[in-house]
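Data file: query-v2.cif. Format and content: mmCIF, C-alpha atoms.
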data_my_file
#
loop_
_atom_site.label_atom_id
_atom_site.label_comp_id
_atom_site.auth_asym_id
_atom_site.auth_seq_id
_atom_site.Cartn_x
_atom_site.Cartn_y
_atom_site.Cartn_z
CA MET A 1 59.20 27.33 22.74
CA GLU A 2 57.54 30.69 22.11
CA THR A 3 54.30 31.76 23.80
CA CYS A 4 51.81 34.56 23.34
CA ILE A 5 48.38 35.42 24.66
CA ILE A 6 45.73 37.01 22.47
CA GLN A 7 42.18 38.14 23.16
CA SER A 8 39.35 36.28 21.41
CA PRO A 9 35.55 36.58 21.69
CA LEU A 10 35.67 33.48 23.90
CA GLY A 11 38.41 34.61 26.25
CA TYR A 12 42.15 34.85 26.47
CA THR A 13 43.89 32.42 24.16
CA LYS A 14 47.40 31.10 24.68
CA ILE A 15 49.43 30.02 21.64
CA ASN A 16 52.60 27.91 22.00
CA GLY A 17 54.95 26.92 19.22
CA ASP A 18 58.30 27.24 17.53
CA ASN A 19 59.90 26.69 14.12
CA ASN A 20 58.61 23.09 14.18
CA GLY A 21 55.02 24.31 14.26
CA ILE A 22 52.18 25.28 16.59
CA SER A 23 52.09 22.86 19.52
CA SER A 24 49.07 24.20 21.39
CA VAL A 25 46.29 26.76 21.29
CA ILE A 26 44.24 26.83 24.47
CA VAL A 27 41.52 29.06 25.80
CA LEU A 28 42.24 30.21 29.33
CA ASN A 29 39.64 30.35 32.07
CA SER A 30 41.34 33.27 33.75
CA GLU A 31 42.33 36.74 32.72
CA GLU A 32 45.86 36.98 31.44
CA LYS A 33 47.95 39.84 30.14
CA VAL A 34 47.65 40.01 26.37
CA THR A 35 51.05 39.78 24.71
CA ASP A 36 52.20 43.15 23.37
CA ILE A 37 54.64 41.63 20.90
CA ILE A 38 53.78 38.34 19.21
CA PRO A 39 56.84 36.20 18.39
CA ILE A 40 57.37 35.79 14.64
CA GLU A 41 56.84 32.01 14.90
CA LEU A 42 53.30 32.65 16.21
CA GLU A 43 52.24 35.66 14.10
CA ASP A 44 50.56 33.61 11.37
CA CYS A 45 48.58 31.58 13.90
CA ALA A 46 47.42 34.71 15.75
CA ARG A 47 46.40 36.34 12.44
CA GLN A 48 44.50 33.26 11.22
CA LEU A 49 42.64 32.94 14.54
CA LYS A 50 41.66 36.61 14.34
CA GLU A 51 40.38 36.06 10.77
CA TYR A 52 38.42 33.00 11.92
CA PHE A 53 36.68 34.99 14.66
CA GLU A 54 35.95 37.82 12.22
CA GLY A 55 34.24 35.31 9.91
CA LYS A 56 36.88 35.78 7.20
CA ARG A 57 38.47 32.32 7.50
CA ASN A 58 36.97 28.84 7.68
CA GLN A 59 40.14 26.81 7.22
CA PHE A 60 43.56 27.05 8.82
CA ASN A 61 46.84 26.76 6.97
CA LEU A 62 49.46 26.30 9.67
CA LYS A 63 52.36 24.00 10.40
CA LEU A 64 51.21 21.99 13.42
CA ASN A 65 53.29 20.10 15.97
CA PRO A 66 50.93 18.73 18.64
CA GLN A 67 52.32 16.34 21.23
CA GLY A 68 50.37 13.15 21.88
CA THR A 69 50.19 9.40 21.41
CA GLU A 70 49.93 7.85 17.95
CA PHE A 71 46.24 7.07 18.60
CA GLN A 72 45.54 10.65 19.69
CA LYS A 73 47.26 11.98 16.57
CA LYS A 74 45.11 9.69 14.37
CA VAL A 75 41.97 11.05 16.03
CA TRP A 76 43.19 14.64 15.65
CA GLU A 77 43.88 14.03 11.95
CA LEU A 78 40.27 12.85 11.55
CA LEU A 79 39.04 15.97 13.35
CA GLU A 80 40.84 18.14 10.81
CA GLN A 81 38.74 16.50 8.08
CA ILE A 82 35.40 17.64 9.56
CA PRO A 83 34.35 20.52 7.29
CA TYR A 84 33.58 23.99 8.60
CA GLY A 85 29.89 24.27 9.44
CA LYS A 86 29.46 20.49 9.80
CA THR A 87 29.44 18.15 12.78
CA CYS A 88 30.33 14.52 13.37
CA SER A 89 29.61 12.11 16.23
CA TYR A 90 32.10 10.23 18.37
CA LEU A 91 30.59 7.02 16.98
CA GLU A 92 31.23 8.16 13.39
CA LEU A 93 34.86 8.89 14.26
CA SER A 94 35.20 5.45 15.86
CA LYS A 95 33.84 3.86 12.68
CA GLN A 96 36.33 5.83 10.58
CA LEU A 97 39.11 4.39 12.74
CA GLY A 98 37.69 0.93 12.11
CA ASP A 99 36.61 0.14 15.67
CA VAL A 100 33.15 1.15 16.94
CA LYS A 101 34.18 -0.03 20.41
CA ALA A 102 36.84 2.70 20.55
CA ILE A 103 34.23 5.39 21.16
CA ARG A 104 35.47 6.18 24.70
CA ALA A 105 39.10 6.30 23.55
CA VAL A 106 38.07 8.62 20.70
CA ALA A 107 36.23 10.87 23.14
CA SER A 108 39.27 10.91 25.43
CA ALA A 109 41.63 11.78 22.56
CA ASN A 110 39.20 14.48 21.44
CA GLY A 111 39.26 15.97 24.93
CA LYS A 112 43.07 16.05 24.93
CA ASN A 113 43.30 17.95 21.63
CA PRO A 114 45.87 20.71 22.29
CA LEU A 115 44.95 22.79 19.23
CA TRP A 116 41.70 24.55 20.13
CA ILE A 117 39.67 25.58 17.05
CA ILE A 118 42.50 24.77 14.60
CA VAL A 119 41.85 21.04 15.09
CA PRO A 120 38.08 21.38 15.38
CA CYS A 121 37.14 19.10 18.29
CA HIS A 122 34.15 21.40 18.89
CA ARG A 123 32.54 19.88 15.78
CA VAL A 124 32.14 16.51 17.50
CA ILE A 125 28.74 15.95 19.10
CA GLY A 126 26.79 13.08 20.60
CA SER A 127 25.08 10.55 18.30
CA ASP A 128 21.74 12.04 19.37
CA GLY A 129 22.86 15.53 18.29
CA SER A 130 23.53 16.72 21.84
CA LEU A 131 26.40 18.96 22.82
CA THR A 132 28.59 16.70 24.88
CA GLY A 133 31.68 17.47 26.95
CA TYR A 134 34.09 20.11 25.78
CA ALA A 135 37.36 21.01 27.50
CA GLY A 136 36.77 24.72 26.81
CA GLY A 137 33.26 24.60 28.29
CA LEU A 138 29.94 23.85 26.60
CA HIS A 139 29.12 27.56 26.30
CA ARG A 140 32.19 27.97 24.06
CA LYS A 141 31.33 24.86 22.03
CA LYS A 142 27.81 26.22 21.44
CA TRP A 143 29.23 29.62 20.43
CA LEU A 144 31.70 28.04 17.98
CA LEU A 145 29.05 25.85 16.34
CA GLU A 146 26.72 28.84 15.98
CA HIS A 147 29.61 30.92 14.60
CA GLU A 148 30.22 28.26 11.95
CA SER A 149 26.57 27.62 11.18
CA PRO A 150 25.63 28.15 7.52
CA TYR A 151 22.17 29.14 8.76
CA LYS A 152 23.04 32.29 10.67
CA GLN A 153 20.08 34.47 11.63
CA GLN A 154 19.84 37.36 9.22
CA SER A 155 18.89 40.78 10.51
CA LEU A 156 15.64 42.19 9.12
CA PHE A 157 16.91 45.75 9.46
#
As structure tokens:
Amino acid sequence: METCIIQSPLGYTKINGDNNGISSVIVLNSEEKVTDIIPIELEDCARQLKEYFEGKRNQFNLKLNPQGTEFQKKVWELLEQIPYGKTCSYLELSKQLGDVKAIRAVASANGKNPLWIIVPCHRVIGSDGSLTGYAGGLHRKKWLLEHESPYKQQSLF
């Protein structure tokens, strides 16, 4: 397993993966030493994340290899279908899985998503439109949703 740490506008970001794909991308809540040399298996992921933060990319094209239960993987696959700039509720995801009573399990699986930003769990909000729990912190979720908003504030100057 290869690892690197890159700097992002939201903090230090740790990427893990190998030839089988990217297994995790997590934002760290502490300062870490940025990796001087990025392993070849992680270069594409680091580049695509940089492009995302620069506003040059709204979709990722990476080989992914997250570890989780079958149910978690189903939820993560649904998350990948939420378009850039759009949001979805936990209830809507539960309905897509065919069980509205699974809302807590969906929320739990969402919170265990190991692929920050790439599998866009930040696009899931409460049914009332509220920003609900986010493993990376609500301030990061708010930033990401504003970053992806099609209605960005234009400068008058």
Please produce, as a Markdown table, a per-residue contact table for region 90-134 of chain A versus region 38-61 of chain A (criterion: any atom at most 12 Å away, all atoms listed in the file considered), showing the nearest atom pair and its distance in Å to one decimal, sorted by chain then residue number.
| residue | atom | partner | partner_atom | distance |
| --- | --- | --- | --- | --- |
| A:Leu115 | CA | A:Cys45 | CA | 10.9 |
| A:Trp116 | CA | A:Leu49 | CA | 10.1 |
| A:Ile117 | CA | A:Leu49 | CA | 8.3 |
| A:Ile118 | CA | A:Phe60 | CA | 6.3 |
| A:Val119 | CA | A:Phe60 | CA | 8.9 |
| A:Pro120 | CA | A:Gln59 | CA | 10.0 |
Would you compute the distance between CA of Pro9 (chain A) and CA of Glu80 (chain A)? Give it in Å to one decimal. 22.1 Å
Convert the output of the PyMOL selection byres ((chain A and resi 28) around 9) on the shown file into explicit residues, formatted as a PDB file with C-alpha atoms, keeping the file's coordinate frame.
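The file below, expr-v4.pdb, is the result:
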ATOM      1  CA  GLY A  11      38.410  34.610  26.250  1.00  0.00           C
ATOM      2  CA  TYR A  12      42.150  34.850  26.470  1.00  0.00           C
ATOM      3  CA  THR A  13      43.890  32.420  24.160  1.00  0.00           C
ATOM      4  CA  LYS A  14      47.400  31.100  24.680  1.00  0.00           C
ATOM      5  CA  ILE A  26      44.240  26.830  24.470  1.00  0.00           C
ATOM      6  CA  VAL A  27      41.520  29.060  25.800  1.00  0.00           C
ATOM      7  CA  ASN A  29      39.640  30.350  32.070  1.00  0.00           C
ATOM      8  CA  SER A  30      41.340  33.270  33.750  1.00  0.00           C
ATOM      9  CA  GLU A  31      42.330  36.740  32.720  1.00  0.00           C
ATOM     10  CA  GLU A  32      45.860  36.980  31.440  1.00  0.00           C
ATOM     11  CA  GLY A 136      36.770  24.720  26.810  1.00  0.00           C
TER      12      GLY A 136
END
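Ranking A:Gln72, A:Asn20, A:Thr87, A:Gln67 by their shortest atom-to-atom distance to Asp128 (chain A), with all atoms listed in the file included, puts A:Thr87 first.
The shortest atom-to-atom distance to Leu144 (chain A), with all atoms listed in the file taken into account, belongs to A:Leu131 out of A:Leu131, A:Ala105, A:Leu79, A:Lys74.
Between CA of Gly133 (chain A) and CA of Glu148 (chain A) the separation is 18.5 Å.
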Specify as a list of chain:residue names each residue included when the PyMOL selection byres ((chain A and resi 16) around 6) is applied to this file. A:Glu2, A:Thr3, A:Ile15, A:Gly17, A:Ser23, A:Ser24
Pick out the closest residue to Asp36 (chain A) from this set: A:Asn110, A:Ser127, A:Ser89, A:Gln7. Count only C-alpha atoms. A:Gln7
Which of these residues is nearest to Ala135 (chain A), using all atoms listed in the file: A:Pro150, A:Gly85, A:Gly111, A:Arg123?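 Using all atoms listed in the file, Ala135 (chain A) sits closest to A:Gly111.
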Restricting the calculation to all atoms listed in the file: of A:Val106, A:Leu91, A:Leu62, A:Leu97, which residue gets closest to Gly21 (chain A)?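 Looking at the shortest contact to Gly21 (chain A), the residue is A:Leu62.
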Find the spatial neighbours of Tyr134 (chain A), counting all atoms listed in the file, within a cut-off of 10 Å - ignore same-chain residues fewer than 2 positions away - and output them as a ChimeraX atom specification. /A:107,110-112,121-122,124-125,131-132,136-142
Here's a test: counting only C-alpha atoms, identify every protein, DNA and RNA residue with an atom at most 7 Å from (46.1, 11.9, 23.0) in the file's coordinate frame, and state them as a PyMOL selection string. chain A and resi 68-69+71-73+109+112-113
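If you look at CA of Lys95 (chain A) and CA of Gly129 (chain A), they are 17.0 Å away from each other.
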